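Trainee: Below you will find the structure I want to go over with you.
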Amino acid sequence: MSFLERWSHLHTSDATIKRYASAKNAECTPIELHREESKGVFSGSHGQYITTLSECTCVDFYLQHQPCKHMYRLAMELGEIPGDYISDIAKIKKKVDDGMTLESAVETVETLSLDSQTVLREILLDLAYRNKPFHRIKKRLNYDELLASGLIVKTEDGKGFVTIGSIRKVQRNLCTYLGRRNEDDEYFDQDTNEWHSCPKGAQQRTHITMSPEGTKVISEVAFPEDKITFLLDKYGVNRCRNMPKEQK
Ligand SMILES: [Zn+2]
């Protein structure tokens, strides 16, 4: 079925004319064109879209279920509809990545007091692991410093807080960072009948070294070797680094 046959029920509305017009712009140059499959790939400020003559993965098509500018452009490129389009790959829009990195988020976190870091971890747990749409305000907690840091904002109805959009991508890692930095896991040792605690997320590791003096078994507690631990070291807050090593 051709593009025109498929969409023959469309009326010429202002919105349609606008999409047709912007489809001709250089900004709408496809980054890939697969003629044999009648398929194209486009790039916009929100990401990349896969486009055919019947659908597109962009938000406009998802909302309207009518041809978007990408579909019009594809139809022009394939010669299904007329259009004096301009091609210029230099004008293609790319996704703007305004997201905070884990590094920049941690940099801000390290300026906060321990109390505010604890509140932030509570908020991150709600949002990233408890599937809550927002963290409900708790009277016992003080959010002032966190609000001033710009990491969180109040919800529109004023009932709680959410993290700013740009740290959402790294909020699970940020949550882990705060857990390793400030919290402990308690465990009960049945041999000694005692409770012990160790930094949250730390793992017991055993090294065996062999030398002429004999075999040594050294066990130590350490965090996984990852970018989160790298940052703990960078700010000198890796609590596993200075723990005594046990020798057997
Ligand atoms: Zn589209």
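Following the order of the structure tokens, chains are lettered A, B, ..., residues in each are numbered from 1, and ligands are numbered from 1.
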Using only C-alpha atoms and all ligand atoms, which protein or nucleic acid residues are at most 10 Å from ligand 1, as a list of chain:residue names?
Mentor: A:Arg19, A:Ala23, A:Val41, A:Phe42, A:Ser43, A:Gly44, A:Gln48, A:Tyr49, A:Ile50, A:Thr51, A:Thr52, A:Glu55, A:Cys56, A:Thr57, A:Cys58, A:Val59, A:Asp60, A:Phe61, A:Tyr62, A:His65, A:Gln66, A:Pro67, A:Cys68, A:Lys69, A:His70, A:Met71, A:Tyr72, A:Arg73, A:Leu74
Trainee: Can you pull out the residues contacting Lys234 of chain A? Cut-off 12 Å, using only C-alpha atoms, and skip same-chain residues under 4 positions away; I want them as a PDB file with all heavy atoms, in the first residue's frame.
Mentor:
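Result went into out05.pdb, see below:
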ATOM      1  N   GLU A 103      29.500  11.465  38.704  1.00  0.00           N
ATOM      2  CA  GLU A 103      30.593  12.280  39.243  1.00  0.00           C
ATOM      3  C   GLU A 103      30.102  13.649  39.704  1.00  0.00           C
ATOM      4  O   GLU A 103      30.419  14.091  40.803  1.00  0.00           O
ATOM      5  CB  GLU A 103      31.699  12.483  38.191  1.00  0.00           C
ATOM      6  CG  GLU A 103      32.573  11.276  37.925  1.00  0.00           C
ATOM      7  CD  GLU A 103      31.902  10.228  37.060  1.00  0.00           C
ATOM      8  OE1 GLU A 103      30.774  10.469  36.550  1.00  0.00           O
ATOM      9  OE2 GLU A 103      32.476   9.144  36.885  1.00  0.00           O
ATOM     10  N   VAL A 106      27.791  13.333  42.775  1.00  0.00           N
ATOM     11  CA  VAL A 106      28.550  13.041  43.995  1.00  0.00           C
ATOM     12  C   VAL A 106      29.274  14.298  44.482  1.00  0.00           C
ATOM     13  O   VAL A 106      29.353  14.558  45.691  1.00  0.00           O
ATOM     14  CB  VAL A 106      29.546  11.874  43.753  1.00  0.00           C
ATOM     15  CG1 VAL A 106      30.606  11.823  44.844  1.00  0.00           C
ATOM     16  CG2 VAL A 106      28.792  10.546  43.689  1.00  0.00           C
ATOM     17  N   GLU A 107      29.762  15.094  43.548  1.00  0.00           N
ATOM     18  CA  GLU A 107      30.443  16.333  43.908  1.00  0.00           C
ATOM     19  C   GLU A 107      29.525  17.224  44.754  1.00  0.00           C
ATOM     20  O   GLU A 107      29.948  17.801  45.758  1.00  0.00           O
ATOM     21  CB  GLU A 107      30.853  17.061  42.627  1.00  0.00           C
ATOM     22  CG  GLU A 107      31.964  18.060  42.815  1.00  0.00           C
ATOM     23  CD  GLU A 107      32.322  18.764  41.510  1.00  0.00           C
ATOM     24  OE1 GLU A 107      32.370  18.105  40.459  1.00  0.00           O
ATOM     25  OE2 GLU A 107      32.524  19.988  41.563  1.00  0.00           O
ATOM     26  N   GLU A 110      28.812  15.573  48.263  1.00  0.00           N
ATOM     27  CA  GLU A 110      29.916  15.699  49.217  1.00  0.00           C
ATOM     28  C   GLU A 110      29.960  17.067  49.911  1.00  0.00           C
ATOM     29  O   GLU A 110      30.677  17.240  50.881  1.00  0.00           O
ATOM     30  CB  GLU A 110      31.256  15.388  48.544  1.00  0.00           C
ATOM     31  CG  GLU A 110      31.495  13.899  48.310  1.00  0.00           C
ATOM     32  CD  GLU A 110      31.540  13.082  49.613  1.00  0.00           C
ATOM     33  OE1 GLU A 110      31.884  13.648  50.664  1.00  0.00           O
ATOM     34  OE2 GLU A 110      31.215  11.876  49.578  1.00  0.00           O
ATOM     35  N   LYS A 227      32.848   1.942  39.608  1.00  0.00           N
ATOM     36  CA  LYS A 227      32.991   3.407  39.571  1.00  0.00           C
ATOM     37  C   LYS A 227      32.517   4.057  40.868  1.00  0.00           C
ATOM     38  O   LYS A 227      32.956   5.148  41.220  1.00  0.00           O
ATOM     39  CB  LYS A 227      32.257   3.993  38.365  1.00  0.00           C
ATOM     40  CG  LYS A 227      30.767   3.690  38.316  1.00  0.00           C
ATOM     41  CD  LYS A 227      30.149   4.244  37.057  1.00  0.00           C
ATOM     42  CE  LYS A 227      28.717   3.730  36.928  1.00  0.00           C
ATOM     43  NZ  LYS A 227      28.059   4.099  35.699  1.00  0.00           N
ATOM     44  N   ILE A 228      31.603   3.371  41.582  1.00  0.00           N
ATOM     45  CA  ILE A 228      31.117   3.932  42.842  1.00  0.00           C
ATOM     46  C   ILE A 228      32.238   3.917  43.883  1.00  0.00           C
ATOM     47  O   ILE A 228      32.492   4.908  44.571  1.00  0.00           O
ATOM     48  CB  ILE A 228      29.880   3.150  43.338  1.00  0.00           C
ATOM     49  CG1 ILE A 228      28.764   3.230  42.290  1.00  0.00           C
ATOM     50  CG2 ILE A 228      29.411   3.672  44.687  1.00  0.00           C
ATOM     51  CD1 ILE A 228      27.592   2.310  42.529  1.00  0.00           C
ATOM     52  N   THR A 229      32.946   2.792  43.955  1.00  0.00           N
ATOM     53  CA  THR A 229      34.078   2.680  44.883  1.00  0.00           C
ATOM     54  C   THR A 229      35.198   3.650  44.489  1.00  0.00           C
ATOM     55  O   THR A 229      35.830   4.266  45.346  1.00  0.00           O
ATOM     56  CB  THR A 229      34.596   1.232  44.909  1.00  0.00           C
ATOM     57  OG1 THR A 229      33.516   0.395  45.340  1.00  0.00           O
ATOM     58  CG2 THR A 229      35.772   1.063  45.841  1.00  0.00           C
ATOM     59  N   PHE A 230      35.390   3.827  43.185  1.00  0.00           N
ATOM     60  CA  PHE A 230      36.383   4.787  42.706  1.00  0.00           C
ATOM     61  C   PHE A 230      36.096   6.176  43.277  1.00  0.00           C
ATOM     62  O   PHE A 230      36.997   6.881  43.740  1.00  0.00           O
ATOM     63  CB  PHE A 230      36.373   4.809  41.168  1.00  0.00           C
ATOM     64  CG  PHE A 230      37.198   5.920  40.578  1.00  0.00           C
ATOM     65  CD1 PHE A 230      38.572   5.780  40.418  1.00  0.00           C
ATOM     66  CD2 PHE A 230      36.610   7.125  40.199  1.00  0.00           C
ATOM     67  CE1 PHE A 230      39.343   6.811  39.890  1.00  0.00           C
ATOM     68  CE2 PHE A 230      37.357   8.159  39.665  1.00  0.00           C
ATOM     69  CZ  PHE A 230      38.731   8.003  39.517  1.00  0.00           C
ATOM     70  N   ASN A 238      36.009   5.933  51.605  1.00  0.00           N
ATOM     71  CA  ASN A 238      35.872   4.480  51.471  1.00  0.00           C
ATOM     72  C   ASN A 238      36.226   3.849  52.809  1.00  0.00           C
ATOM     73  O   ASN A 238      37.390   3.727  53.172  1.00  0.00           O
ATOM     74  CB  ASN A 238      36.813   3.974  50.365  1.00  0.00           C
ATOM     75  CG  ASN A 238      36.662   2.475  50.157  1.00  0.00           C
ATOM     76  OD1 ASN A 238      36.104   1.771  51.002  1.00  0.00           O
ATOM     77  ND2 ASN A 238      37.163   1.996  49.033  1.00  0.00           N
ATOM     78  N   ARG A 241      38.826   0.867  53.205  1.00  0.00           N
ATOM     79  CA  ARG A 241      40.258   1.007  52.953  1.00  0.00           C
ATOM     80  C   ARG A 241      41.096   0.870  54.222  1.00  0.00           C
ATOM     81  O   ARG A 241      42.187   0.331  54.179  1.00  0.00           O
ATOM     82  CB  ARG A 241      40.558   2.364  52.313  1.00  0.00           C
ATOM     83  CG  ARG A 241      40.180   2.455  50.878  1.00  0.00           C
ATOM     84  CD  ARG A 241      41.082   1.665  49.953  1.00  0.00           C
ATOM     85  NE  ARG A 241      40.514   1.673  48.605  1.00  0.00           N
ATOM     86  CZ  ARG A 241      40.459   0.630  47.812  1.00  0.00           C
ATOM     87  NH1 ARG A 241      40.963  -0.535  48.177  1.00  0.00           N
ATOM     88  NH2 ARG A 241      39.920   0.694  46.623  1.00  0.00           N
TER      89      ARG A 241
END
Trainee: Would you mind listing what lies within 9 Å of segment 120-133 of chain A as a ChimeraX atom specification, with only C-alpha atoms counted and same-chain residues fewer than 2 positions away left out?
Mentor: /A:109,115-118,135-136,143,146,151-152,161-163,168,171-172,174-176,178-179
Trainee: Run DSSP on the backbone and grab whatever in segment 33-179 of chain A lands in strand (DSSP E); send it over as a ChimeraX atom specification.
Mentor: /A:33-34,39-44,47-52,135-136,152-154,160-163
Trainee: Near segment 75-91 of chain A, within 9 Å and counting only C-alpha atoms, which residues show up once chain neighbours fewer than 3 positions away are dropped, as a list in words?
Mentor: Ser2, Phe3, Leu4, Tyr20, Ala21, Ala23, Lys24, Asn25, Ala26, Glu27, Cys28, Thr29, Pro30, Ile31, Leu33, Arg35, Ser38, Thr52, Leu53, His70, Met71 and Tyr72 of chain A
Trainee: For the selection you just gave me, I'd like the residues written to a file as a short mmCIF file (atom, residue, chain, number, x, y, z; two decimals), in the first residue's frame, keeping C-alpha atoms.
Mentor:
data_model
loop_
_atom_site.label_atom_id
_atom_site.label_comp_id
_atom_site.auth_asym_id
_atom_site.auth_seq_id
_atom_site.Cartn_x
_atom_site.Cartn_y
_atom_site.Cartn_z
CA SER A 2 1.33 3.42 -0.85
CA PHE A 3 1.66 6.23 1.66
CA LEU A 4 -1.23 8.15 0.08
CA TYR A 20 4.54 18.52 5.81
CA ALA A 21 6.41 21.85 5.78
CA ALA A 23 9.48 17.55 6.82
CA LYS A 24 11.14 19.45 3.94
CA ASN A 25 13.65 21.22 6.23
CA ALA A 26 17.30 20.23 6.38
CA GLU A 27 16.84 19.46 10.13
CA CYS A 28 14.66 16.54 9.02
CA THR A 29 17.34 14.85 6.92
CA PRO A 30 17.27 11.11 7.65
CA ILE A 31 20.43 9.69 9.18
CA LEU A 33 17.52 5.44 4.59
CA ARG A 35 14.82 2.07 0.37
CA SER A 38 10.81 1.66 2.99
CA THR A 52 8.19 3.51 8.17
CA LEU A 53 5.35 4.69 5.94
CA HIS A 70 9.46 11.93 9.78
CA MET A 71 6.87 9.89 7.90
CA TYR A 72 6.21 12.72 5.45
#
Trainee: Please compute the atom CA of Ile92 of chain A-atom CA of Leu63 of chain A distance, one decimal, in Å.
Mentor: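 Computing the Euclidean distance for atom CA of Ile92 of chain A and atom CA of Leu63 of chain A yields 23.0 Å.
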Trainee: Pick out the closest residue to Cys240 of chain A from this set: A:Ser113, A:Asn182, A:Ser54, A:Asn173. Count only C-alpha atoms.
Mentor: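 Counting only C-alpha atoms, the residue closest to Cys240 of chain A is A:Asn182.
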Trainee: Give the alpha helix (DSSP H) residues of segment 65-197 of chain A, as DSSP finds them on the backbone, and put them as a PyMOL selection string.
Mentor: chain A and resi 69-77+102-109+114-124+144-149+171-182
Trainee: Given the selection you just returned, output its residues as a file containing N, CA and C atoms, formatted as a compact mmCIF listing (two decimals), in the first residue's frame.
Mentor:
# COMPACT_ATOMS: atom_id res chain seq x y z
N LYS A 69 6.22 14.38 10.92
CA LYS A 69 7.11 14.96 9.90
C LYS A 69 8.10 13.93 9.37
N HIS A 70 8.52 12.97 10.23
CA HIS A 70 9.46 11.93 9.78
C HIS A 70 8.84 11.06 8.69
N MET A 71 7.56 10.74 8.89
CA MET A 71 6.87 9.89 7.90
C MET A 71 6.67 10.62 6.58
N TYR A 72 6.33 11.92 6.68
CA TYR A 72 6.21 12.72 5.45
C TYR A 72 7.54 12.78 4.73
N ARG A 73 8.61 13.00 5.50
CA ARG A 73 9.93 13.10 4.88
C ARG A 73 10.33 11.78 4.21
N LEU A 74 10.06 10.68 4.91
CA LEU A 74 10.38 9.37 4.35
C LEU A 74 9.62 9.14 3.04
N ALA A 75 8.32 9.52 3.06
CA ALA A 75 7.51 9.36 1.85
C ALA A 75 8.06 10.20 0.69
N MET A 76 8.58 11.40 1.03
CA MET A 76 9.20 12.24 0.00
C MET A 76 10.47 11.60 -0.53
N GLU A 77 11.32 11.14 0.39
CA GLU A 77 12.60 10.54 0.01
C GLU A 77 12.38 9.32 -0.89
N LEU A 102 27.23 10.72 37.38
CA LEU A 102 27.38 10.29 38.77
C LEU A 102 28.44 11.15 39.45
N GLU A 103 29.50 11.47 38.70
CA GLU A 103 30.59 12.28 39.24
C GLU A 103 30.10 13.65 39.70
N SER A 104 29.31 14.32 38.86
CA SER A 104 28.87 15.67 39.23
C SER A 104 27.83 15.61 40.36
N ALA A 105 27.01 14.55 40.38
CA ALA A 105 26.04 14.42 41.47
C ALA A 105 26.75 14.19 42.80
N VAL A 106 27.79 13.33 42.77
CA VAL A 106 28.55 13.04 44.00
C VAL A 106 29.27 14.30 44.48
N GLU A 107 29.76 15.09 43.55
CA GLU A 107 30.44 16.33 43.91
C GLU A 107 29.52 17.22 44.75
N THR A 108 28.25 17.30 44.36
CA THR A 108 27.28 18.08 45.14
C THR A 108 26.97 17.40 46.46
N VAL A 109 26.79 16.07 46.42
CA VAL A 109 26.47 15.31 47.63
C VAL A 109 27.56 15.50 48.70
N LEU A 114 26.02 15.22 56.84
CA LEU A 114 25.66 13.80 56.94
C LEU A 114 24.15 13.63 57.06
N ASP A 115 23.51 14.52 57.81
CA ASP A 115 22.04 14.45 57.97
C ASP A 115 21.34 14.58 56.62
N SER A 116 21.77 15.54 55.83
CA SER A 116 21.12 15.74 54.53
C SER A 116 21.41 14.58 53.57
N GLN A 117 22.61 14.00 53.69
CA GLN A 117 22.92 12.83 52.87
C GLN A 117 21.99 11.67 53.22
N THR A 118 21.69 11.54 54.52
CA THR A 118 20.79 10.47 54.97
C THR A 118 19.37 10.70 54.44
N VAL A 119 18.94 11.95 54.44
CA VAL A 119 17.61 12.28 53.90
C VAL A 119 17.58 11.99 52.40
N LEU A 120 18.66 12.35 51.70
CA LEU A 120 18.71 12.11 50.26
C LEU A 120 18.63 10.61 49.96
N ARG A 121 19.31 9.81 50.76
CA ARG A 121 19.27 8.36 50.53
C ARG A 121 17.84 7.83 50.71
N GLU A 122 17.13 8.37 51.71
CA GLU A 122 15.74 8.00 51.96
C GLU A 122 14.87 8.33 50.73
N ILE A 123 15.08 9.50 50.16
CA ILE A 123 14.32 9.93 48.97
C ILE A 123 14.65 9.03 47.77
N LEU A 124 15.95 8.75 47.59
CA LEU A 124 16.38 7.93 46.46
C LEU A 124 15.83 6.51 46.57
N ASP A 144 15.83 21.34 54.18
CA ASP A 144 16.28 22.67 53.75
C ASP A 144 17.58 22.66 52.94
N GLU A 145 18.60 21.98 53.51
CA GLU A 145 19.91 21.99 52.85
C GLU A 145 19.84 21.30 51.49
N LEU A 146 19.08 20.19 51.44
CA LEU A 146 18.94 19.45 50.19
C LEU A 146 18.24 20.30 49.13
N LEU A 147 17.20 21.01 49.53
CA LEU A 147 16.48 21.88 48.60
C LEU A 147 17.42 22.96 48.06
N ALA A 148 18.22 23.52 48.98
CA ALA A 148 19.15 24.58 48.57
C ALA A 148 20.22 24.05 47.61
N SER A 149 20.55 22.76 47.74
CA SER A 149 21.58 22.17 46.87
C SER A 149 21.08 22.01 45.44
N GLN A 171 20.38 7.87 39.64
CA GLN A 171 19.96 7.88 41.04
C GLN A 171 20.16 6.55 41.76
N ARG A 172 20.12 5.43 41.03
CA ARG A 172 20.39 4.15 41.70
C ARG A 172 21.84 4.07 42.16
N ASN A 173 22.76 4.50 41.29
CA ASN A 173 24.17 4.50 41.66
C ASN A 173 24.45 5.48 42.79
N LEU A 174 23.77 6.61 42.76
CA LEU A 174 23.94 7.61 43.81
C LEU A 174 23.44 7.05 45.15
N CYS A 175 22.36 6.32 45.09
CA CYS A 175 21.79 5.68 46.27
C CYS A 175 22.78 4.66 46.86
N THR A 176 23.40 3.86 45.98
CA THR A 176 24.40 2.88 46.40
C THR A 176 25.61 3.59 47.01
N TYR A 177 26.02 4.70 46.39
CA TYR A 177 27.15 5.49 46.89
C TYR A 177 26.90 5.89 48.34
N LEU A 178 25.69 6.42 48.61
CA LEU A 178 25.36 6.89 49.96
C LEU A 178 25.26 5.73 50.94
N GLY A 179 24.77 4.59 50.48
CA GLY A 179 24.69 3.41 51.35
C GLY A 179 26.08 2.95 51.76
N ARG A 180 26.97 2.83 50.78
CA ARG A 180 28.34 2.39 51.08
C ARG A 180 29.06 3.42 51.96
N ARG A 181 28.77 4.70 51.70
CA ARG A 181 29.47 5.76 52.41
C ARG A 181 29.07 5.83 53.88
N ASN A 182 27.76 5.67 54.16
CA ASN A 182 27.27 6.01 55.50
C ASN A 182 26.58 4.90 56.29
